[in-house]
Amino acid sequence: MRELTQRQKDVATFISTFIKEHNYAPSVRDIADHFQFSVKAAHDHLKALEAKQVIKTKSGISRSIEVIGSEFFPREEMIQIPLIGSIAAGMPLMSEENTEYLLSIPATMLRNTRNTYFALRIRGESMIEEGIYDGDIAILRKCEVADTGDIVAATVGEEEMGITLKLYYPSNGNIELRPANSTMGPIITRSCKIHGKLHLLIRNYA
């Protein structure tokens with residue numbers, strides 16, 4: 001790739017960032033307005049970037065700019081989420097002792113990156129009627145309260161040695177952690193700690 005001027009780098013960076021944020025390319029007018037120069041100047045910069053093989057455009061089609069220069073690919077922001085294994089007694093949920101490894105998740109898959117998320121690998125068939133299967137990875141938003149019917153990750157009793165994913169049904173001082181499998185019975189308890197609510201599932205079909 002031929003050397004770019006600083007202004008050309010700025011325009012290429014703007015195009016890449018715009019695509020990442022909006023999932024479509026900026027128009028020539030968007031570029032001109034952002035840099036406060038004329039539409040003709042924006043066209044000239046696009047022609048220069050295309051000649052230097054940074055972008056590719058299709059004549060006569062609006063918002064057809066495609067970034068082809070590797071330096072300016074619109075890379076997606078990734079968030080690292082701990083995959084929790086068995087919970088060590090007395091340890092915070094997301095301590096190193098409880099973390100198997102970190103998952104990298106595109107930020108666009110998370111509703112709000114200011115929230116804290118963690119992941120659990122599903123074992124068994126207790127949630128199959130909710131479409132959650134053995135081997136799936138559940139991504140959960142960390143929280144301590146839930147609404148009736150939410151799918152939650154919870155531990156039961158004082159010793160937090162096991163974490164389970166179940167439907168949450170509180171009633172008359174008791175808490176029912178209900179499986180989504182008609183062949184299995186619920187867990188009924190008065191001592192339940194909620195760790196998070198289900199946000200999304202990851203499934204490997206390989």
# chains A, B, ... in the order shown; residues from 1 in each chain; ligands from 1
>>> residues_around(residues="A:Leu167", least_positions_apart="4", cutoff="7 Å", atoms="only C-alpha atoms", output="number ranges by chain")
A: 149-152, 177-179
>>> residues_around(residues="A:Tyr168", least_positions_apart="4", cutoff="12 Å", atoms="only C-alpha atoms", output="number ranges by chain")
A: 145-155, 164, 174-180, 186-189, 192-198
>>> write_last_selection(atoms="N, CA and C atoms", output="mmCIF file, in the first residue's frame")
data_model
loop_
_atom_site.group_PDB
_atom_site.id
_atom_site.type_symbol
_atom_site.label_atom_id
_atom_site.label_comp_id
_atom_site.auth_asym_id
_atom_site.auth_seq_id
_atom_site.Cartn_x
_atom_site.Cartn_y
_atom_site.Cartn_z
ATOM 1 N N VAL A 145 -30.718 -10.200 42.106
ATOM 2 C CA VAL A 145 -32.172 -10.331 42.174
ATOM 3 C C VAL A 145 -32.696 -10.716 40.800
ATOM 4 N N ALA A 146 -33.892 -11.315 40.786
ATOM 5 C CA ALA A 146 -34.480 -11.748 39.522
ATOM 6 C C ALA A 146 -35.987 -11.661 39.618
ATOM 7 N N ASP A 147 -36.643 -11.669 38.476
ATOM 8 C CA ASP A 147 -38.098 -11.683 38.411
ATOM 9 C C ASP A 147 -38.588 -13.120 38.254
ATOM 10 N N THR A 148 -39.820 -13.356 38.651
ATOM 11 C CA THR A 148 -40.425 -14.680 38.510
ATOM 12 C C THR A 148 -40.356 -15.148 37.056
ATOM 13 N N GLY A 149 -39.859 -16.359 36.862
ATOM 14 C CA GLY A 149 -39.766 -16.938 35.522
ATOM 15 C C GLY A 149 -38.447 -16.696 34.827
ATOM 16 N N ASP A 150 -37.571 -15.854 35.411
ATOM 17 C CA ASP A 150 -36.251 -15.637 34.823
ATOM 18 C C ASP A 150 -35.424 -16.924 34.898
ATOM 19 N N ILE A 151 -34.536 -17.089 33.930
ATOM 20 C CA ILE A 151 -33.558 -18.171 33.991
ATOM 21 C C ILE A 151 -32.329 -17.623 34.695
ATOM 22 N N VAL A 152 -31.994 -18.233 35.831
ATOM 23 C CA VAL A 152 -30.926 -17.696 36.663
ATOM 24 C C VAL A 152 -29.854 -18.745 36.924
ATOM 25 N N ALA A 153 -28.659 -18.249 37.227
ATOM 26 C CA ALA A 153 -27.602 -19.083 37.790
ATOM 27 C C ALA A 153 -27.627 -18.868 39.284
ATOM 28 N N ALA A 154 -27.755 -19.945 40.041
ATOM 29 C CA ALA A 154 -27.916 -19.814 41.485
ATOM 30 C C ALA A 154 -27.193 -20.936 42.208
ATOM 31 N N THR A 155 -26.897 -20.662 43.465
ATOM 32 C CA THR A 155 -26.394 -21.694 44.366
ATOM 33 C C THR A 155 -27.373 -21.821 45.522
ATOM 34 N N THR A 164 -26.140 -23.797 39.601
ATOM 35 C CA THR A 164 -27.105 -24.434 38.714
ATOM 36 C C THR A 164 -27.853 -23.379 37.914
ATOM 37 N N ASN A 174 -40.585 -19.530 50.169
ATOM 38 C CA ASN A 174 -39.752 -20.542 49.531
ATOM 39 C C ASN A 174 -39.319 -20.072 48.149
ATOM 40 N N ILE A 175 -38.277 -20.669 47.654
ATOM 41 C CA ILE A 175 -37.818 -20.400 46.294
ATOM 42 C C ILE A 175 -37.776 -21.728 45.548
ATOM 43 N N GLU A 176 -38.452 -21.769 44.421
ATOM 44 C CA GLU A 176 -38.429 -22.959 43.573
ATOM 45 C C GLU A 176 -37.502 -22.697 42.391
ATOM 46 N N LEU A 177 -36.489 -23.525 42.277
ATOM 47 C CA LEU A 177 -35.604 -23.495 41.116
ATOM 48 C C LEU A 177 -36.059 -24.638 40.209
ATOM 49 N N ARG A 178 -36.769 -24.254 39.162
ATOM 50 C CA ARG A 178 -37.503 -25.226 38.359
ATOM 51 C C ARG A 178 -36.724 -25.613 37.097
ATOM 52 N N PRO A 179 -36.523 -26.898 36.856
ATOM 53 C CA PRO A 179 -35.884 -27.314 35.601
ATOM 54 C C PRO A 179 -36.860 -27.183 34.440
ATOM 55 N N ALA A 180 -36.307 -27.079 33.241
ATOM 56 C CA ALA A 180 -37.136 -27.082 32.028
ATOM 57 C C ALA A 180 -37.023 -28.468 31.399
ATOM 58 N N PRO A 186 -38.240 -30.024 40.789
ATOM 59 C CA PRO A 186 -37.616 -28.749 41.139
ATOM 60 C C PRO A 186 -36.780 -28.861 42.412
ATOM 61 N N ILE A 187 -35.954 -27.833 42.622
ATOM 62 C CA ILE A 187 -35.265 -27.644 43.895
ATOM 63 C C ILE A 187 -36.077 -26.624 44.684
ATOM 64 N N ILE A 188 -36.510 -27.005 45.901
ATOM 65 C CA ILE A 188 -37.251 -26.097 46.771
ATOM 66 C C ILE A 188 -36.334 -25.716 47.935
ATOM 67 N N THR A 189 -36.165 -24.436 48.153
ATOM 68 C CA THR A 189 -35.226 -23.998 49.181
ATOM 69 C C THR A 189 -35.664 -22.671 49.785
ATOM 70 N N CYS A 192 -31.194 -19.365 48.891
ATOM 71 C CA CYS A 192 -30.763 -19.387 47.491
ATOM 72 C C CYS A 192 -30.046 -18.087 47.172
ATOM 73 N N LYS A 193 -28.898 -18.195 46.546
ATOM 74 C CA LYS A 193 -28.165 -16.997 46.139
ATOM 75 C C LYS A 193 -28.152 -16.916 44.621
ATOM 76 N N ILE A 194 -28.703 -15.826 44.088
ATOM 77 C CA ILE A 194 -28.692 -15.601 42.645
ATOM 78 C C ILE A 194 -27.374 -14.936 42.259
ATOM 79 N N HIS A 195 -26.763 -15.449 41.199
ATOM 80 C CA HIS A 195 -25.504 -14.890 40.717
ATOM 81 C C HIS A 195 -25.673 -14.133 39.397
ATOM 82 N N GLY A 196 -26.676 -14.511 38.602
ATOM 83 C CA GLY A 196 -26.849 -13.828 37.326
ATOM 84 C C GLY A 196 -28.075 -14.320 36.575
ATOM 85 N N LYS A 197 -28.487 -13.556 35.564
ATOM 86 C CA LYS A 197 -29.614 -13.911 34.704
ATOM 87 C C LYS A 197 -29.099 -14.205 33.298
ATOM 88 N N LEU A 198 -29.732 -15.175 32.657
ATOM 89 C CA LEU A 198 -29.304 -15.591 31.324
ATOM 90 C C LEU A 198 -29.434 -14.444 30.330
#
>>> select_by_dssp(residues="stretch 111-194 of chain A", states="strand (DSSP E)", output="PyMOL selection string")
chain A and resi 117-121+137-142+151-156+164-171+174-178+187-189+192-194
>>> atom_distance(atom1="atom CA of A:Gln8", atom2="atom CA of A:Ser27")
16.1 Å
>>> residues_around(residues="A:Thr57", least_positions_apart="6", cutoff="12 Å", atoms="only C-alpha atoms", output="mmCIF file with N, CA and C atoms, in the first residue's frame")
data_model
loop_
_atom_site.group_PDB
_atom_site.id
_atom_site.type_symbol
_atom_site.label_atom_id
_atom_site.label_comp_id
_atom_site.auth_asym_id
_atom_site.auth_seq_id
_atom_site.Cartn_x
_atom_site.Cartn_y
_atom_site.Cartn_z
ATOM 1 N N ALA A 25 -21.708 1.853 5.504
ATOM 2 C CA ALA A 25 -20.665 2.823 5.191
ATOM 3 C C ALA A 25 -21.209 4.257 5.227
ATOM 4 N N PRO A 26 -20.346 5.221 5.483
ATOM 5 C CA PRO A 26 -20.783 6.624 5.428
ATOM 6 C C PRO A 26 -21.014 7.058 3.984
ATOM 7 N N SER A 27 -21.855 8.052 3.802
ATOM 8 C CA SER A 27 -22.021 8.666 2.490
ATOM 9 C C SER A 27 -20.925 9.706 2.285
ATOM 10 N N VAL A 28 -20.787 10.176 1.060
ATOM 11 C CA VAL A 28 -19.816 11.235 0.779
ATOM 12 C C VAL A 28 -20.160 12.478 1.605
ATOM 13 N N HIS A 43 -14.942 13.508 -2.277
ATOM 14 C CA HIS A 43 -14.775 12.622 -3.442
ATOM 15 C C HIS A 43 -13.301 12.439 -3.774
ATOM 16 N N LEU A 46 -11.657 10.075 -1.391
ATOM 17 C CA LEU A 46 -12.074 8.696 -1.641
ATOM 18 C C LEU A 46 -11.359 8.118 -2.858
ATOM 19 N N LYS A 47 -11.213 8.936 -3.900
ATOM 20 C CA LYS A 47 -10.491 8.478 -5.099
ATOM 21 C C LYS A 47 -9.036 8.160 -4.769
ATOM 22 N N ALA A 48 -8.433 8.999 -3.931
ATOM 23 C CA ALA A 48 -7.034 8.777 -3.541
ATOM 24 C C ALA A 48 -6.907 7.499 -2.712
ATOM 25 N N LEU A 49 -7.835 7.290 -1.791
ATOM 26 C CA LEU A 49 -7.798 6.082 -0.961
ATOM 27 C C LEU A 49 -8.041 4.830 -1.795
ATOM 28 N N GLU A 50 -8.888 4.951 -2.813
ATOM 29 C CA GLU A 50 -9.130 3.805 -3.683
ATOM 30 C C GLU A 50 -7.903 3.509 -4.537
ATOM 31 N N ALA A 51 -7.250 4.560 -5.018
ATOM 32 C CA ALA A 51 -6.036 4.379 -5.819
ATOM 33 C C ALA A 51 -4.920 3.729 -5.006
ATOM 34 N N ARG A 63 -23.253 4.812 -0.302
ATOM 35 C CA ARG A 63 -22.760 4.053 0.846
ATOM 36 C C ARG A 63 -22.159 2.711 0.445
ATOM 37 N N SER A 64 -21.430 2.695 -0.656
ATOM 38 C CA SER A 64 -20.850 1.439 -1.149
ATOM 39 C C SER A 64 -19.373 1.311 -0.800
ATOM 40 N N ILE A 65 -18.884 2.134 0.119
ATOM 41 C CA ILE A 65 -17.460 2.097 0.467
ATOM 42 C C ILE A 65 -17.157 0.816 1.249
ATOM 43 N N GLU A 66 -16.136 0.105 0.801
ATOM 44 C CA GLU A 66 -15.670 -1.101 1.487
ATOM 45 C C GLU A 66 -14.201 -0.917 1.840
ATOM 46 N N VAL A 67 -13.869 -1.152 3.095
ATOM 47 C CA VAL A 67 -12.470 -1.024 3.530
ATOM 48 C C VAL A 67 -11.731 -2.300 3.177
ATOM 49 N N ILE A 68 -10.642 -2.184 2.399
ATOM 50 C CA ILE A 68 -9.856 -3.355 2.022
ATOM 51 C C ILE A 68 -8.418 -3.275 2.527
#
>>> closest_residue(among="A:Gln36, A:Gln6, A:Ser126, A:Gln80", to="A:Ile105", atoms="only C-alpha atoms")
A:Gln80
>>> residues_around(residues="A:Thr116", least_positions_apart="3", cutoff="12 Å", atoms="only C-alpha atoms", output="ChimeraX atom specification")
/A:79-82,93-94,110-113,119,139-144,195-197,199
>>> closest_residue(among="A:Tyr205, A:Tyr133, A:Phe35, A:Phe118", to="A:Tyr101", atoms="only C-alpha atoms")
A:Phe118
